[in-house]
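Trainee: Here it is: the structure, laid out below.
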Amino acid sequence: MQSHRIAELLQPFLSTPLAESQLRYISTYIDILLRWNARMNLTAVRQPEEIVTRHFGESLFAARHLFPQPEVRDASGEPRPPKPSAAFEPTGDAHTTSIIDVGSGAGFPGLPIKIWAPHTHLTLIESSQKKATFLREVSRALTLTNVNVFAGRSEDFPGMGDIVTSRAVERFQESLPVAARLVVPTGRLALLIGRTQMNSVRHLAPAFHWSEPVPIPLSEARILIIGQHPSHQASS
């Protein structure tokens, strides 16, 4: 798909346009996704333009809320490292924001967030070995650095992250408490879910301080909700 068309489709989801290199990443990503999806079920969405709006649009919408100030760009328009947010700098030391995407599947929202904020460290957790192989291929094809694919269950992942994301995972009632346990004391948990799951969120992760849900553009049923780890308030 042409970069200019991707940019047009993403306009409702973004406050600032993507750089040309980021649009090329998305175009390449779509090509690989369509090729793999012909052999295995990565996504039920098969039309390229719908993939842009449903998957990339929703994921980048989360990215702009998690990283609301766009990264500084150099003279060529390419992203440069942003000044880290105080939320991720409790000691004032240099720190790369770590993101964990739980139940990553075809890579959403983790990989688009990485494209938006390339100077983060991303871990994609995916229990399906075939999907994990796909995630590794996409990461290599896009030449993304600091991307780790954990081919196993979230319960078995040994680390924690500044930001933990989850979107449309199966067994939501079981997976959300696991995702919450992966958030560091100064971190956030970002969920892309249906409105009907709102009550479950507050019940399954009651210790988090939850933001007001934000409607996702072009969707009547989908929302973004971000929870802050309770220890964040004490450290700020």
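FYI, nothing fancy with the structure tokens labels: chains A, B, ... in order, residues from 1 per chain, ligands from 1 as they appear.
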I want to know what sits within 6 Å of segment 116-120 of chain A, based on only C-alpha atoms, with residues of the same chain fewer than 2 positions away left out; could you give that as a PDB file with all heavy atoms, in the first residue's frame?
Mentor:
ATOM      1  N   PRO A  81      15.495  10.440  19.833  1.00  0.00           N
ATOM      2  CA  PRO A  81      15.047  10.042  21.170  1.00  0.00           C
ATOM      3  C   PRO A  81      14.342  11.182  21.891  1.00  0.00           C
ATOM      4  O   PRO A  81      14.838  12.309  21.894  1.00  0.00           O
ATOM      5  CB  PRO A  81      16.354   9.665  21.884  1.00  0.00           C
ATOM      6  CG  PRO A  81      17.307   9.348  20.788  1.00  0.00           C
ATOM      7  CD  PRO A  81      16.925  10.236  19.640  1.00  0.00           C
ATOM      8  N   THR A  96      15.614   3.805  29.563  1.00  0.00           N
ATOM      9  CA  THR A  96      14.840   3.516  28.365  1.00  0.00           C
ATOM     10  C   THR A  96      13.527   2.887  28.779  1.00  0.00           C
ATOM     11  O   THR A  96      13.507   1.887  29.493  1.00  0.00           O
ATOM     12  CB  THR A  96      15.599   2.552  27.438  1.00  0.00           C
ATOM     13  OG1 THR A  96      16.822   3.176  27.039  1.00  0.00           O
ATOM     14  CG2 THR A  96      14.771   2.230  26.200  1.00  0.00           C
ATOM     15  N   THR A  97      12.421   3.466  28.346  1.00  0.00           N
ATOM     16  CA  THR A  97      11.105   2.952  28.705  1.00  0.00           C
ATOM     17  C   THR A  97      10.931   1.544  28.151  1.00  0.00           C
ATOM     18  O   THR A  97      11.128   1.305  26.962  1.00  0.00           O
ATOM     19  CB  THR A  97      10.002   3.865  28.153  1.00  0.00           C
ATOM     20  OG1 THR A  97      10.180   5.171  28.679  1.00  0.00           O
ATOM     21  CG2 THR A  97       8.627   3.341  28.528  1.00  0.00           C
ATOM     22  N   SER A  98      10.556   0.624  29.013  1.00  0.00           N
ATOM     23  CA  SER A  98      10.328  -0.758  28.589  1.00  0.00           C
ATOM     24  C   SER A  98       8.832  -1.010  28.455  1.00  0.00           C
ATOM     25  O   SER A  98       8.038  -0.616  29.311  1.00  0.00           O
ATOM     26  CB  SER A  98      10.936  -1.741  29.596  1.00  0.00           C
ATOM     27  OG  SER A  98      10.355  -1.572  30.878  1.00  0.00           O
ATOM     28  N   ILE A 113       3.378   0.632  18.379  1.00  0.00           N
ATOM     29  CA  ILE A 113       3.871   1.543  19.419  1.00  0.00           C
ATOM     30  C   ILE A 113       5.384   1.707  19.278  1.00  0.00           C
ATOM     31  O   ILE A 113       5.924   2.811  19.420  1.00  0.00           O
ATOM     32  CB  ILE A 113       3.489   1.032  20.822  1.00  0.00           C
ATOM     33  CG1 ILE A 113       1.967   1.103  21.013  1.00  0.00           C
ATOM     34  CG2 ILE A 113       4.194   1.851  21.904  1.00  0.00           C
ATOM     35  CD1 ILE A 113       1.483   0.513  22.325  1.00  0.00           C
ATOM     36  N   LYS A 114       6.079   0.627  18.979  1.00  0.00           N
ATOM     37  CA  LYS A 114       7.528   0.691  18.752  1.00  0.00           C
ATOM     38  C   LYS A 114       7.855   1.566  17.546  1.00  0.00           C
ATOM     39  O   LYS A 114       8.832   2.327  17.564  1.00  0.00           O
ATOM     40  CB  LYS A 114       8.077  -0.726  18.555  1.00  0.00           C
ATOM     41  CG  LYS A 114       9.546  -0.806  18.207  1.00  0.00           C
ATOM     42  CD  LYS A 114      10.437  -0.429  19.367  1.00  0.00           C
ATOM     43  CE  LYS A 114      11.904  -0.701  19.034  1.00  0.00           C
ATOM     44  NZ  LYS A 114      12.811  -0.269  20.115  1.00  0.00           N
TER      45      LYS A 114
END
Trainee: Find the spatial neighbours of Ala63 of chain A, counting only C-alpha atoms, within a cut-off of 8 Å - ignore same-chain residues fewer than 2 positions away - and output them as a ChimeraX atom specification.
Mentor: /A:59-61,65-68,112-113,116-117
Trainee: For those residues, write N, CA and C atoms to a file as a short mmCIF file (atom, residue, chain, number, x, y, z; two decimals), in the first residue's frame.
Mentor:
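Final output, again_29.cif:
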data_model
loop_
_atom_site.label_atom_id
_atom_site.label_comp_id
_atom_site.auth_asym_id
_atom_site.auth_seq_id
_atom_site.Cartn_x
_atom_site.Cartn_y
_atom_site.Cartn_z
N SER A 59 -3.78 0.87 17.44
CA SER A 59 -2.51 0.74 18.15
C SER A 59 -1.80 2.08 18.26
N LEU A 60 -1.78 2.84 17.18
CA LEU A 60 -1.12 4.15 17.20
C LEU A 60 -1.90 5.16 18.03
N PHE A 61 -3.20 4.99 18.12
CA PHE A 61 -4.01 5.82 19.01
C PHE A 61 -3.57 5.62 20.45
N HIS A 65 -1.33 8.39 23.13
CA HIS A 65 -1.75 8.69 24.50
C HIS A 65 -0.69 8.28 25.52
N LEU A 66 0.05 7.23 25.22
CA LEU A 66 1.13 6.82 26.11
C LEU A 66 2.36 7.71 25.96
N PHE A 67 2.59 8.19 24.75
CA PHE A 67 3.71 9.10 24.46
C PHE A 67 3.14 10.34 23.78
N PRO A 68 2.46 11.21 24.54
CA PRO A 68 1.68 12.29 23.93
C PRO A 68 2.51 13.34 23.22
N PRO A 112 3.33 -1.42 16.42
CA PRO A 112 3.06 -0.04 16.03
C PRO A 112 3.49 0.98 17.09
N ILE A 113 3.38 0.63 18.38
CA ILE A 113 3.87 1.54 19.42
C ILE A 113 5.38 1.71 19.28
N TRP A 116 6.08 4.09 16.56
CA TRP A 116 5.80 5.46 17.02
C TRP A 116 6.93 5.96 17.93
N ALA A 117 7.40 5.09 18.83
CA ALA A 117 8.42 5.46 19.81
C ALA A 117 9.59 4.49 19.70
#
Trainee: Between A:Arg35, A:His121, A:Arg222, A:Arg24, which one has atoms that come closest to Met198 of chain A, using only C-alpha atoms?
Mentor: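 So, comparing all the options, the nearest one is A:Arg222.
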Trainee: With a distance cut-off of 8 Å and only C-alpha atoms, select the neighbouring residues of Phe150 of chain A, excluding the residue or stretch itself and same-chain residues fewer than 4 positions from it, and output the selection as a PyMOL selection string.
Mentor: chain A and resi 123-127+132+157
Trainee: Can you list, as a ChimeraX atom specification, every protein, DNA or RNA residue that comes within 8 Å of Glu49 of chain A when you count only C-alpha atoms, leaving out same-chain residues fewer than 2 positions away?
Mentor: /A:6,9,47,51-53
Trainee: Could you please take those selected residues and save C-alpha atoms as a PDB file, in the first residue's frame?
Mentor:
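See out_9.pdb below for the written result:
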ATOM      1  CA  ILE A   6      -1.699   4.901   4.805  1.00  0.00           C
ATOM      2  CA  LEU A   9      -6.293   6.398   6.704  1.00  0.00           C
ATOM      3  CA  GLN A  47      -8.462  -6.019   3.499  1.00  0.00           C
ATOM      4  CA  ILE A  51      -5.928  -3.525   8.537  1.00  0.00           C
ATOM      5  CA  VAL A  52      -4.608   0.054   8.643  1.00  0.00           C
ATOM      6  CA  THR A  53      -7.633   1.448  10.478  1.00  0.00           C
TER       7      THR A  53
END
Trainee: Any idea what the distance is between atom CA of Lys131 of chain A and atom CA of Glu170 of chain A?
Mentor: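 Atom-to-atom, atom CA of Lys131 of chain A to atom CA of Glu170 of chain A, that is 14.7 Å.
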Trainee: As a VMD selection string, please: the residues near Ile226 of chain A (cut-off 6 Å, only C-alpha atoms, same-chain neighbours under 6 positions excluded).
Mentor: chain A and resid 189 to 190 210 to 211
Trainee: I need the chosen residues saved as a CSV table (one decimal), in the first residue's frame, with all heavy atoms.
Mentor:
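Saved the output as again23.csv:
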chain,number,residue,atom,x,y,z
A,189,LEU,N,-0.6,0.5,32.8
A,189,LEU,CA,-1.3,-0.6,32.1
A,189,LEU,C,-2.3,-0.1,31.1
A,189,LEU,O,-3.2,0.6,31.5
A,189,LEU,CB,-1.9,-1.6,33.1
A,189,LEU,CG,-2.7,-2.8,32.6
A,189,LEU,CD1,-1.8,-3.7,31.7
A,189,LEU,CD2,-3.3,-3.5,33.8
A,190,ALA,N,-2.0,-0.3,29.8
A,190,ALA,CA,-2.9,0.3,28.8
A,190,ALA,C,-3.7,-0.8,28.1
A,190,ALA,O,-3.1,-1.8,27.6
A,190,ALA,CB,-2.0,1.0,27.7
A,210,TRP,N,-7.5,4.2,37.5
A,210,TRP,CA,-7.9,4.1,36.1
A,210,TRP,C,-8.3,5.5,35.5
A,210,TRP,O,-9.1,6.2,36.2
A,210,TRP,CB,-9.0,3.1,35.8
A,210,TRP,CG,-8.5,1.7,36.1
A,210,TRP,CD1,-8.7,0.9,37.2
A,210,TRP,CD2,-7.7,0.9,35.2
A,210,TRP,NE1,-8.0,-0.3,37.1
A,210,TRP,CE2,-7.5,-0.3,35.9
A,210,TRP,CE3,-7.2,1.0,33.9
A,210,TRP,CZ2,-6.7,-1.4,35.3
A,210,TRP,CZ3,-6.5,0.0,33.3
A,210,TRP,CH2,-6.2,-1.2,34.0
A,211,SER,N,-7.8,5.8,34.3
A,211,SER,CA,-8.3,7.0,33.6
A,211,SER,C,-9.7,6.8,33.1
A,211,SER,O,-10.2,5.7,33.1
A,211,SER,CB,-7.4,7.3,32.5
A,211,SER,OG,-7.5,6.3,31.5
